[in-house]
2 protein chains.
Amino acid sequence: MSSVIASGQSRHDLKKPTLPQELTVVFQGDSITDYGRNRKSTDANDFKNIGNGYVNLSAAQLVGENPQTSWKYYNRGISGNKVHQLAERWDKDCLDLTPDVVSILIGVNDFWHIKKHGYSGTVKVYEDDLKALLDRTIKARPNVKFIIGQPFFLEEGSAIDMEEWFPAFTQYQKAAKKIADEYNTAWVPYQEVFDEALKKAPHTYWSWDGIHPSFAGCYIMAKAWIKAFDGLFV
Amino acid sequence: MSSVIASGQSRHDLKKPTLPQELTVVFQGDSITDYGRNRKSTDANDFKNIGNGYVNLSAAQLVGENPQTSWKYYNRGISGNKVHQLAERWDKDCLDLTPDVVSILIGVNDFWHIKKHGYSGTVKVYEDDLKALLDRTIKARPNVKFIIGQPFFLEEGSAIDMEEWFPAFTQYQKAAKKIADEYNTAWVPYQEVFDEALKKAPHTYWSWDGIHPSFAGCYIMAKAWIKAFDGLFV
């Protein structure tokens with residue numbers, strides 16, 4: 001029952017991060033990021049806007065543990081989004097917020113909606129659109145730092161048909177990792193996080209359908225996200 | 001930037017708690033507990049029901065860090081409630097859930113609504129009603145454990161008029177502590193937690209009005225709550 005950071009390899013074993021005084025962080029993504037947030041609330045660090053998922057758990061810990069800073073967190077995830085839908089609202093929901101850190105977790109719908117809703121995208125569209133989004137962000141905010149999250153699935157989940165998902169979905173995961181490497185971004189290996197968690201409890205403990213994390217799943221995501229965030233400032 | 005538990009004195013320095021496999025925990029209280037939860041969602045560990053406050057942060061960490069268990073968390077806080085309003089809905093919103101642990105944070109409205117809404121209660125009514133609630137719970141659930149939270153305020157908050165609140169409100173805090181001692185419950189010293197936090201950042205960092213915690217305030221509450229929870233099983 002150790003805490004978010006205390007268990008496993010701790011940051012305390014590593015070089016301590018040098019934290020900035022001011023920082024604006026924008027979380028972008030789909031339902032996993034959105035997670036029940038009130039989209040009418042638009043202020044930074046607004047508990048209604050932040051949702052109930054990994055964004056809340058990550059941001060609350062960081063503000064709670066770092067009262068010497070004045071960091072701003074915005075959640076702008078929207079359920080069902082694919083990369084091209086992030087692009088459509090990127091000015092308003094990312095660049096206008098003048099972010100120093102942009103966290104993006106996207107890809108499940110880019111794949112899932114092909115089967116589920118007849119979406120005509122491909123992994124190449126996903127990769128090209130995501131790169132274009134990063135290029136556009138860098139152009140507007142040259143010193144921006146990215147945190148790219150690995151899209152993930154839990155294979156026994158009720159929404160997952162493994163004949164469809166495997167290995168097709170792994171191409172999207174590889175595309176995200178390739179971009180993270182190419183742009184030298186922070187990387188959150190959510191698939192590994194959940195694969196590891198599945199050794200300790202069944203999939204229903206971590207996710208209600210193989211795509212959307214449970215309460216416990218949100219927590220292990222937050223733990224991994226904070227580790228990636230810390231890495232930005234070491 | 002250490003975590004919920006890693007900072008300060010860690011439970012790892014102390015005797016490790018012996019955790020039960022099954023456990024049902026009910027959080028009860030007012031707006032600070034309620035904190036934006038969807039009251040239509042009634043399942044245990046439902047992210048919509050759990051709200052965005054200290055309950056979410058506490059429960060998510062405990063389920064995330066303890067996959068060997070199958071614990072159930074319910075949030076049944078309702079904004080504006082005073083003790084007698086908890087009593088009115090106690091069967092449905094506490095006893096019927098067959099709790100092993102009942103966490104109660106109540107008292108701000110028992111005091112505040114006298115000035116704000118012409119409520120006619122007194123500190124004696126608060127104390128007697130809270131004791132009656134505990135007695136009723138013990139009668140239905142003889143092995144129940146309680147976690148009593150200290151009602152708190154941040155003196156510079158916009159909702160606080162110190163001439164009214166001090167020392168009058170401290171009588172409610174003392175009544176809660178007296179009951180916690182008398183019933184040998186776990187105790188969460190939220191006032192001390194916030195007083196300590198105020199040495200590190202101004203009141204607006206921890207609370208938006210001196211009564212309702214910010215994001216960061218919810219986090220330090222969760223940290224204190226988990227410490228009290230752990231103490232139940234040492």
# chains A, B, ... in the order shown; residues from 1 in each chain; ligands from 1
$ interface_residues --of "chain A" --to "chain B" --cutoff "8 Å" --atoms "only C-alpha atoms" --output "ChimeraX atom specification"
/A:1-6,36,45-48,51-53,56-57,60-68,200-201,205,214-220
$ write_last_selection --atoms "N, CA, C and O atoms" --output "compact mmCIF listing (two decimals), in the first residue's frame"
# COMPACT_ATOMS: atom_id res chain seq x y z
N MET A 1 0.82 -1.20 0.00
CA MET A 1 0.00 0.00 0.00
C MET A 1 0.87 1.26 0.00
O MET A 1 0.55 2.26 0.62
N SER A 2 1.99 1.17 -0.73
CA SER A 2 2.82 2.37 -0.80
C SER A 2 2.20 3.35 -1.79
O SER A 2 1.23 3.05 -2.45
N SER A 3 2.76 4.50 -1.88
CA SER A 3 2.11 5.59 -2.61
C SER A 3 2.49 5.63 -4.07
O SER A 3 3.28 4.83 -4.56
N VAL A 4 1.93 6.62 -4.75
CA VAL A 4 2.14 6.80 -6.19
C VAL A 4 3.60 6.62 -6.56
O VAL A 4 3.93 5.95 -7.52
N ILE A 5 4.45 7.25 -5.81
CA ILE A 5 5.85 7.26 -6.21
C ILE A 5 6.72 6.34 -5.37
O ILE A 5 7.71 5.80 -5.85
N ALA A 6 6.32 6.13 -4.14
CA ALA A 6 7.22 5.43 -3.22
C ALA A 6 7.49 3.99 -3.65
O ALA A 6 8.56 3.46 -3.40
N GLY A 36 -15.30 12.44 -17.69
CA GLY A 36 -16.37 13.02 -16.89
C GLY A 36 -16.19 14.47 -16.53
O GLY A 36 -16.93 15.01 -15.70
N ASN A 45 -6.80 24.44 -13.24
CA ASN A 45 -6.90 23.82 -11.91
C ASN A 45 -8.32 23.85 -11.34
O ASN A 45 -8.50 23.90 -10.12
N ASP A 46 -9.29 23.83 -12.21
CA ASP A 46 -10.69 23.82 -11.77
C ASP A 46 -11.11 22.37 -11.57
O ASP A 46 -11.04 21.56 -12.49
N PHE A 47 -11.57 22.06 -10.36
CA PHE A 47 -11.85 20.65 -10.06
C PHE A 47 -12.98 20.10 -10.93
O PHE A 47 -13.03 18.91 -11.20
N LYS A 48 -13.87 20.98 -11.39
CA LYS A 48 -14.94 20.49 -12.26
C LYS A 48 -14.41 20.15 -13.64
O LYS A 48 -14.85 19.21 -14.29
N GLY A 51 -11.93 16.58 -14.50
CA GLY A 51 -12.39 15.21 -14.68
C GLY A 51 -12.04 14.33 -13.50
O GLY A 51 -11.52 14.81 -12.48
N ASN A 52 -12.34 13.04 -13.64
CA ASN A 52 -12.14 12.11 -12.53
C ASN A 52 -11.09 11.06 -12.83
O ASN A 52 -11.02 10.04 -12.15
N GLY A 53 -10.32 11.26 -13.86
CA GLY A 53 -9.40 10.21 -14.29
C GLY A 53 -7.96 10.47 -13.94
O GLY A 53 -7.66 11.11 -12.92
N ASN A 56 -6.86 14.17 -13.15
CA ASN A 56 -7.11 14.65 -11.78
C ASN A 56 -6.04 14.11 -10.82
O ASN A 56 -5.44 14.86 -10.05
N LEU A 57 -5.81 12.82 -10.90
CA LEU A 57 -4.87 12.19 -9.96
C LEU A 57 -3.45 12.71 -10.15
O LEU A 57 -2.71 12.90 -9.18
N ALA A 60 -3.46 16.82 -9.24
CA ALA A 60 -3.66 17.09 -7.81
C ALA A 60 -2.40 16.77 -7.02
O ALA A 60 -2.01 17.52 -6.12
N GLN A 61 -1.77 15.65 -7.36
CA GLN A 61 -0.54 15.31 -6.64
C GLN A 61 0.54 16.36 -6.88
O GLN A 61 1.23 16.79 -5.95
N LEU A 62 0.67 16.79 -8.13
CA LEU A 62 1.74 17.74 -8.44
C LEU A 62 1.51 19.10 -7.78
O LEU A 62 2.45 19.69 -7.25
N VAL A 63 0.28 19.59 -7.80
CA VAL A 63 0.04 20.87 -7.11
C VAL A 63 0.13 20.69 -5.60
O VAL A 63 0.66 21.55 -4.88
N GLY A 64 -0.38 19.56 -5.10
CA GLY A 64 -0.37 19.33 -3.66
C GLY A 64 1.03 19.21 -3.08
O GLY A 64 1.29 19.65 -1.96
N GLU A 65 1.93 18.63 -3.86
CA GLU A 65 3.29 18.40 -3.36
C GLU A 65 4.24 19.55 -3.69
O GLU A 65 5.40 19.51 -3.26
N ASN A 66 3.79 20.52 -4.47
CA ASN A 66 4.70 21.58 -4.90
C ASN A 66 4.12 22.99 -4.68
O ASN A 66 3.96 23.76 -5.61
N PRO A 67 3.83 23.31 -3.41
CA PRO A 67 3.22 24.61 -3.13
C PRO A 67 4.13 25.80 -3.43
O PRO A 67 3.67 26.93 -3.42
N GLN A 68 5.41 25.52 -3.69
CA GLN A 68 6.31 26.63 -4.04
C GLN A 68 6.12 27.11 -5.46
O GLN A 68 6.65 28.14 -5.86
N LYS A 200 -1.17 -8.79 -11.34
CA LYS A 200 -1.58 -8.64 -9.95
C LYS A 200 -3.08 -8.74 -9.72
O LYS A 200 -3.53 -9.06 -8.63
N ALA A 201 -3.86 -8.41 -10.75
CA ALA A 201 -5.33 -8.47 -10.63
C ALA A 201 -5.91 -8.62 -12.04
O ALA A 201 -5.28 -8.21 -13.02
N TYR A 205 -10.39 -5.41 -12.83
CA TYR A 205 -9.93 -4.56 -11.73
C TYR A 205 -9.37 -3.24 -12.27
O TYR A 205 -9.47 -2.20 -11.62
N SER A 214 -10.54 1.69 -14.95
CA SER A 214 -11.24 1.84 -13.68
C SER A 214 -10.48 2.89 -12.89
O SER A 214 -9.40 3.33 -13.27
N PHE A 215 -11.06 3.25 -11.84
CA PHE A 215 -10.48 3.90 -10.70
C PHE A 215 -9.02 3.50 -10.41
O PHE A 215 -8.14 4.34 -10.33
N ALA A 216 -8.81 2.20 -10.27
CA ALA A 216 -7.46 1.68 -10.00
C ALA A 216 -6.58 1.89 -11.23
O ALA A 216 -5.39 2.22 -11.13
N GLY A 217 -7.17 1.70 -12.42
CA GLY A 217 -6.43 1.91 -13.66
C GLY A 217 -6.00 3.36 -13.83
O GLY A 217 -4.89 3.66 -14.28
N CYS A 218 -6.89 4.28 -13.47
CA CYS A 218 -6.53 5.71 -13.54
C CYS A 218 -5.34 6.01 -12.64
O CYS A 218 -4.47 6.82 -12.97
N TYR A 219 -5.31 5.35 -11.49
CA TYR A 219 -4.23 5.60 -10.54
C TYR A 219 -2.88 5.15 -11.09
O TYR A 219 -1.88 5.88 -11.01
N ILE A 220 -2.84 3.95 -11.67
CA ILE A 220 -1.54 3.50 -12.19
C ILE A 220 -1.13 4.31 -13.42
O ILE A 220 0.05 4.48 -13.68
$ select_by_dssp --residues "region 6-206 of chain B" --states "strand (DSSP E or B)" --output "PyMOL selection string"
chain B and resi 22-29+70-75+101-105+145-149+186-188
$ select_by_dssp --residues "region 89-227 of chain A" --states "alpha helix (DSSP H)" --output "PyMOL selection string"
chain A and resi 90-93+108-117+123-140+162-165+168-182+190-197+203-206+215-227
$ write_last_selection --atoms "C-alpha atoms" --output "PDB file, in the first residue's frame"
ATOM      1  CA  TRP A  90      -6.045  22.807 -31.511  1.00  0.00           C
ATOM      2  CA  ASP A  91      -5.875  26.608 -31.579  1.00  0.00           C
ATOM      3  CA  LYS A  92      -8.628  27.069 -29.021  1.00  0.00           C
ATOM      4  CA  ASP A  93      -7.986  23.974 -26.920  1.00  0.00           C
ATOM      5  CA  VAL A 108      -7.674   4.182 -29.651  1.00  0.00           C
ATOM      6  CA  ASN A 109     -10.502   5.785 -31.615  1.00  0.00           C
ATOM      7  CA  ASP A 110      -8.325   6.240 -34.703  1.00  0.00           C
ATOM      8  CA  PHE A 111      -8.271   2.438 -34.811  1.00  0.00           C
ATOM      9  CA  TRP A 112     -11.498   1.435 -33.062  1.00  0.00           C
ATOM     10  CA  HIS A 113     -13.815   3.675 -35.066  1.00  0.00           C
ATOM     11  CA  ILE A 114     -12.762   2.001 -38.323  1.00  0.00           C
ATOM     12  CA  LYS A 115     -14.569  -1.131 -37.128  1.00  0.00           C
ATOM     13  CA  LYS A 116     -17.121   0.528 -34.913  1.00  0.00           C
ATOM     14  CA  HIS A 117     -18.219   3.577 -36.877  1.00  0.00           C
ATOM     15  CA  VAL A 123      -2.305   4.124 -39.342  1.00  0.00           C
ATOM     16  CA  LYS A 124      -0.529   6.400 -41.853  1.00  0.00           C
ATOM     17  CA  VAL A 125      -3.236   9.051 -41.415  1.00  0.00           C
ATOM     18  CA  TYR A 126      -2.826   8.737 -37.631  1.00  0.00           C
ATOM     19  CA  GLU A 127       0.937   9.084 -37.821  1.00  0.00           C
ATOM     20  CA  ASP A 128       0.902  11.973 -40.307  1.00  0.00           C
ATOM     21  CA  ASP A 129      -1.799  13.859 -38.409  1.00  0.00           C
ATOM     22  CA  LEU A 130      -0.026  13.438 -35.090  1.00  0.00           C
ATOM     23  CA  LYS A 131       3.264  14.665 -36.539  1.00  0.00           C
ATOM     24  CA  ALA A 132       1.508  17.646 -38.114  1.00  0.00           C
ATOM     25  CA  LEU A 133      -0.001  18.470 -34.725  1.00  0.00           C
ATOM     26  CA  LEU A 134       3.392  18.399 -33.049  1.00  0.00           C
ATOM     27  CA  ASP A 135       4.959  20.524 -35.812  1.00  0.00           C
ATOM     28  CA  ARG A 136       2.163  23.058 -35.501  1.00  0.00           C
ATOM     29  CA  THR A 137       2.624  23.218 -31.734  1.00  0.00           C
ATOM     30  CA  ILE A 138       6.383  23.705 -31.997  1.00  0.00           C
ATOM     31  CA  LYS A 139       5.867  26.483 -34.530  1.00  0.00           C
ATOM     32  CA  ALA A 140       3.595  28.352 -32.105  1.00  0.00           C
ATOM     33  CA  MET A 162      -8.515  -9.775 -30.250  1.00  0.00           C
ATOM     34  CA  GLU A 163      -8.833 -10.992 -33.832  1.00  0.00           C
ATOM     35  CA  GLU A 164      -9.438  -7.400 -34.829  1.00  0.00           C
ATOM     36  CA  TRP A 165      -7.142  -5.688 -32.352  1.00  0.00           C
ATOM     37  CA  ALA A 168      -3.468  -4.361 -36.027  1.00  0.00           C
ATOM     38  CA  PHE A 169      -3.621  -1.990 -33.063  1.00  0.00           C
ATOM     39  CA  THR A 170       0.041  -2.484 -32.244  1.00  0.00           C
ATOM     40  CA  GLN A 171       0.810  -0.568 -35.458  1.00  0.00           C
ATOM     41  CA  TYR A 172      -0.785   2.503 -33.886  1.00  0.00           C
ATOM     42  CA  GLN A 173       1.223   1.968 -30.730  1.00  0.00           C
ATOM     43  CA  LYS A 174       4.405   1.699 -32.792  1.00  0.00           C
ATOM     44  CA  ALA A 175       3.551   4.857 -34.722  1.00  0.00           C
ATOM     45  CA  ALA A 176       3.097   6.788 -31.459  1.00  0.00           C
ATOM     46  CA  LYS A 177       6.435   5.492 -30.141  1.00  0.00           C
ATOM     47  CA  LYS A 178       8.191   6.315 -33.392  1.00  0.00           C
ATOM     48  CA  ILE A 179       6.962   9.902 -33.172  1.00  0.00           C
ATOM     49  CA  ALA A 180       7.940  10.147 -29.503  1.00  0.00           C
ATOM     50  CA  ASP A 181      11.456   9.018 -30.422  1.00  0.00           C
ATOM     51  CA  GLU A 182      11.688  11.256 -33.465  1.00  0.00           C
ATOM     52  CA  TYR A 190       0.712   2.685 -20.628  1.00  0.00           C
ATOM     53  CA  GLN A 191       0.553  -0.714 -22.345  1.00  0.00           C
ATOM     54  CA  GLU A 192       3.455  -1.956 -20.237  1.00  0.00           C
ATOM     55  CA  VAL A 193       1.887  -0.411 -17.143  1.00  0.00           C
ATOM     56  CA  PHE A 194      -1.329  -2.359 -17.692  1.00  0.00           C
ATOM     57  CA  ASP A 195       0.453  -5.552 -18.767  1.00  0.00           C
ATOM     58  CA  GLU A 196       2.369  -5.422 -15.506  1.00  0.00           C
ATOM     59  CA  ALA A 197      -0.794  -4.665 -13.518  1.00  0.00           C
ATOM     60  CA  HIS A 203      -8.560  -6.966 -16.271  1.00  0.00           C
ATOM     61  CA  THR A 204     -11.868  -5.971 -14.676  1.00  0.00           C
ATOM     62  CA  TYR A 205      -9.927  -4.556 -11.731  1.00  0.00           C
ATOM     63  CA  TRP A 206      -8.064  -2.145 -14.014  1.00  0.00           C
ATOM     64  CA  PHE A 215     -10.482   3.905 -10.702  1.00  0.00           C
ATOM     65  CA  ALA A 216      -7.463   1.682 -10.004  1.00  0.00           C
ATOM     66  CA  GLY A 217      -6.428   1.910 -13.660  1.00  0.00           C
ATOM     67  CA  CYS A 218      -6.535   5.713 -13.538  1.00  0.00           C
ATOM     68  CA  TYR A 219      -4.231   5.603 -10.541  1.00  0.00           C
ATOM     69  CA  ILE A 220      -1.540   3.496 -12.190  1.00  0.00           C
ATOM     70  CA  MET A 221      -1.781   5.738 -15.255  1.00  0.00           C
ATOM     71  CA  ALA A 222      -1.228   8.812 -13.076  1.00  0.00           C
ATOM     72  CA  LYS A 223       1.772   7.190 -11.471  1.00  0.00           C
ATOM     73  CA  ALA A 224       3.325   6.536 -14.877  1.00  0.00           C
ATOM     74  CA  TRP A 225       2.409  10.007 -16.146  1.00  0.00           C
ATOM     75  CA  ILE A 226       4.084  11.708 -13.178  1.00  0.00           C
ATOM     76  CA  LYS A 227       7.233   9.694 -13.787  1.00  0.00           C
TER      77      LYS A 227
END
$ closest_residue --among "B:Ile160, B:Ile211, B:Leu95, B:Leu86" --to "Val25 (chain B)" --atoms "only C-alpha atoms"
B:Leu95
$ residues_around --residues "Leu105 (chain B)" --least-positions-apart "5" --cutoff "10 Å" --atoms "only C-alpha atoms" --output "count of residues only"
19
$ atom_distance --atom1 "CA of Trp187 (chain B)" --atom2 "CA of Val101 (chain B)"
12.8 Å
$ residues_around --residues "Ser158 (chain A)" --least-positions-apart "5" --cutoff "9 Å" --atoms "only C-alpha atoms" --output "mmCIF file with N, CA, C and O atoms, in the first residue's frame"
data_model
loop_
_atom_site.group_PDB
_atom_site.id
_atom_site.type_symbol
_atom_site.label_atom_id
_atom_site.label_comp_id
_atom_site.auth_asym_id
_atom_site.auth_seq_id
_atom_site.Cartn_x
_atom_site.Cartn_y
_atom_site.Cartn_z
ATOM 1 N N TRP A 208 -13.015 -1.181 -17.144
ATOM 2 C CA TRP A 208 -14.335 -1.780 -17.225
ATOM 3 C C TRP A 208 -14.642 -2.407 -18.575
ATOM 4 O O TRP A 208 -15.574 -3.193 -18.691
ATOM 5 N N ASP A 209 -13.883 -2.081 -19.619
ATOM 6 C CA ASP A 209 -14.182 -2.664 -20.936
ATOM 7 C C ASP A 209 -12.936 -2.981 -21.761
ATOM 8 O O ASP A 209 -13.041 -3.317 -22.934
ATOM 9 N N GLY A 210 -11.762 -2.827 -21.159
ATOM 10 C CA GLY A 210 -10.527 -3.081 -21.899
ATOM 11 C C GLY A 210 -9.961 -1.813 -22.519
ATOM 12 O O GLY A 210 -8.830 -1.813 -23.012
ATOM 13 N N ILE A 211 -10.738 -0.751 -22.501
ATOM 14 C CA ILE A 211 -10.309 0.540 -23.071
ATOM 15 C C ILE A 211 -10.304 1.639 -22.003
ATOM 16 O O ILE A 211 -9.328 2.369 -21.872
#
$ atom_distance --atom1 "CA of Tyr183 (chain A)" --atom2 "CA of Thr42 (chain A)"
29.1 Å
